[in-house]
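A quick write-up on the structure given underneath.
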Amino acid sequence: MSAARKILLLGGIALALWGMSYGLWYAVFAEHQALEEIGSSLAAGFGGAAARNSALAERALQQYQQAKYVYDRQVDVHGHWIGLAMVLIVLGIGLDRLTFSERIKAILSMSALVGSVLFPLGVLLQTVDHGNGPRALAVLGSALVIAALAAFTVGFARKPAV
Amino acid sequence: MDQSETFAPLGARRLLVLGGIGLILIGMIFGDIFAVFLLHQNAARVGASLSSAAHAALAGDGAAVLANFQDVGGFLENRGTKVDTHVHMIAFGYLALMLALLAPWITLSADTKKWLAWVFLCGSGLLPTCVFLIHYVGLAYSPLKAIGWASILADLGGLLVIVAVLWYLVGLGKCFFAPERSAPGNDLPGDRSPSGRLLLAGGVFLVLLGFLHGGYYAAVDLHRHEALDYSILLEISKGAAAQSAAAVERGLAEYGQLQGDKAVKIAAHAHIIEFGLLSMLLAFFQPYVNLHETWKRRWAFVLLFGSVLLPVCVLLELKYGSLAGGLADVGGLLVIVALLAMWIGVLRYPGQLDAGGAA
């Protein structure tokens, strides 16, 4: 098996298992608490308005905003890790059809794998650090994936030399 | 090559291909029915309950606020189970196609692979069907206090899928980590027919487009949407606290617009990537689609055209309303028809490639 195919197949399977394990942990230990916090803070916000207490309503809605910010990212990370893993595995299976040299295939495969790990990781880190570091990591990861996918598109579309 | 290792009738690989495409077809048809007859009505009920909660706050009725939020929870559960049915059926279909592709690398006996294919397909049908029934069956005749029969059987379906996939992974590991092994006879990945090339390159391009759109959404819309979500809800609650019906109504209208804008952008992003992945998977099975090459190219083109039309029209739905919505449904229908044609082609496949391999 070529190095590029090993990177894509084994990397893809490992990333899928990692994404599923993260999802399992999240569903068991974090999701219900997050949904409870979102629902209760939203209800408390409107309840505060009903009690004509604007300060209470604003505090509750800020809590809702923070809980939803974290929840959206945690769920997105789970979906993106597994989705990208599936793309990596399928690309790995079809690697024979790519009209590039083995070296370029290996570079593209590594770029796709590293990007697929870093992009959701950067999104996840945004839940603990609101600075530019995690955003830069997510942008770098997605740029690596986009560049690799663009090259794969060209390689698959080219007519093979007969 | 042993025909059971390739594409024997009712062999593991053909079962997984036919079952996988079948699951995707049913999942997509269900998604279309859900989108036309249930999605908008359900969204309207959620919006109405949120509006009632805001009006209850305006009237100073805290108990009614809570009651309305409980209604929202019920509507969201109904919607959630429908979406889960659609998503899981299609995802299991993708997984079946991937397992079919990997079949020659899975070091298990042909009988075991076939038996596992049946287990996988039974679980893949059981889980989404029972998830769909959760909302209707509830806790009727259940031996448990919080979990109904539909949930229990859905979990059983999930367990069957997990057992089959883990078993297949063990077979894959045997192949990868065996000290000496002959190269498996896998005739699909190397095929370079025009229809296969069109689907593979087109599929990767669709995934790329979806990624670019996702990047644009994250850079331009995501933070704006999150800030608006908070500020509009704050405007509604402040309006209710100040007993300003006009502010509440304005806020509710803005909130509806915001939710619509978010929904269409996320749906377009998800659908174009899913269709891209589907196209890539189908590319590998073109040698087993028993249709003339010209027709295979036509169906590949129809599938790709529908895969672009649906997400583009979903994006335009907010601006052009039901016209764009109708065109999006046409896009979905084109994908379904192309998929059905390929499924029939696979069903008709008599086994020339296998015979060639054996020779």
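Going through the structure tokens in order, the chains are called A, B, and so on, while each chain numbers its residues from 1 and the ligands are numbered from 1 in the order shown.
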Practice problem: Could you find all residues in region 113-321 of chain B that DSSP calls alpha helix (DSSP H) from the backbone, and write them as a count of residues only? | Solution: 164
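In this structure, the chain B residues at most 6 Å away from chain A are Ala57, Gly60, Asp61, Gly62, Pro189, Gly190, Ala201, Val204, Phe205, Leu208, Ser237, Ala240 and Ala241 of chain B, with only C-alpha atoms considered.
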Quiz item: Of the candidates A:Ile104, A:Leu144, A:Leu24, A:Ile38, which one gets nearest to Tyr71 (chain A) if we count only C-alpha atoms?
Solution: A:Ile38
Exercise. Find the spatial neighbours of Lys319 (chain B), counting only C-alpha atoms, within a cut-off of 12 Å - ignore same-chain residues fewer than 4 positions away - and output them as a PyMOL selection string.
Key: chain B and resi 257+260-261+264+312-315+323-325
Quiz prompt | All residues 9 Å or closer to Arg73 (chain A), only C-alpha atoms, same chain fewer than 2 positions away omitted, as a ChimeraX atom specification | solution = /A:68-71,75-78,120,123-124,126-127
Quiz item: Residues at most 10 Å from Tyr168 (chain B), counting only C-alpha atoms, excluding those fewer than 4 positions away in the same chain, as a list of chain:residue names?
Solution: B:Leu99, B:Leu102, B:Ala103, B:Trp105, B:Ile106, B:Thr107, B:Leu108, B:Thr112, B:Lys113, B:Leu116, B:Ala117, B:Ile162, B:Val163, B:Ala164, B:Leu172, B:Gly173, B:Lys174
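Close contacts of Thr81 (chain B), defined as residues with an atom at most 8 Å away when counting only C-alpha atoms, with chain neighbours fewer than 4 positions off set aside, comprise Glu77, Thr85, Val131, Phe132, Ile134 and His135 of chain B.
CA of Ala263 (chain B) is found 13.1 Å from CA of Gly214 (chain B).
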Quiz prompt | Exercise: Ile273 (chain B) partners within 10 Å, only C-alpha atoms, chain neighbours under 2 positions left out, as a PyMOL selection string | solution = (chain A and resi 83+87) or (chain B and resi 203-211+214+268-271+275-279+307+311)
Take the selection from the previous step and output its residues with C-alpha atoms, as a PDB file, in the first residue's frame.
ATOM      1  CA  GLY A  83     -17.501  14.095   7.831  1.00  0.00           C
ATOM      2  CA  VAL A  87     -13.968  12.236   2.706  1.00  0.00           C
TER       3      VAL A  87
ATOM      4  CA  GLY B 203     -17.972  14.923  -6.299  1.00  0.00           C
ATOM      5  CA  VAL B 204     -14.672  16.300  -4.983  1.00  0.00           C
ATOM      6  CA  PHE B 205     -15.527  19.644  -6.614  1.00  0.00           C
ATOM      7  CA  LEU B 206     -18.922  19.693  -4.842  1.00  0.00           C
ATOM      8  CA  VAL B 207     -17.227  18.971  -1.498  1.00  0.00           C
ATOM      9  CA  LEU B 208     -14.768  21.786  -2.277  1.00  0.00           C
ATOM     10  CA  LEU B 209     -17.642  24.175  -3.093  1.00  0.00           C
ATOM     11  CA  GLY B 210     -19.352  23.209   0.159  1.00  0.00           C
ATOM     12  CA  PHE B 211     -16.159  23.858   2.059  1.00  0.00           C
ATOM     13  CA  GLY B 214     -18.776  27.010   4.814  1.00  0.00           C
ATOM     14  CA  ALA B 268     -27.069  24.425   1.561  1.00  0.00           C
ATOM     15  CA  HIS B 269     -23.615  23.804   3.090  1.00  0.00           C
ATOM     16  CA  ALA B 270     -24.561  20.353   4.422  1.00  0.00           C
ATOM     17  CA  HIS B 271     -26.398  19.199   1.284  1.00  0.00           C
ATOM     18  CA  PHE B 275     -24.100  15.094  -2.482  1.00  0.00           C
ATOM     19  CA  GLY B 276     -20.391  15.446  -3.265  1.00  0.00           C
ATOM     20  CA  LEU B 277     -19.550  12.489  -1.065  1.00  0.00           C
ATOM     21  CA  LEU B 278     -22.388  10.471  -2.622  1.00  0.00           C
ATOM     22  CA  SER B 279     -21.100  11.259  -6.108  1.00  0.00           C
ATOM     23  CA  SER B 307     -26.679  18.159  -6.569  1.00  0.00           C
ATOM     24  CA  PRO B 311     -28.364  23.725  -2.514  1.00  0.00           C
TER      25      PRO B 311
END
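If you look at CA of Tyr255 (chain B) and CA of Ile232 (chain B), they are 6.3 Å away from each other.
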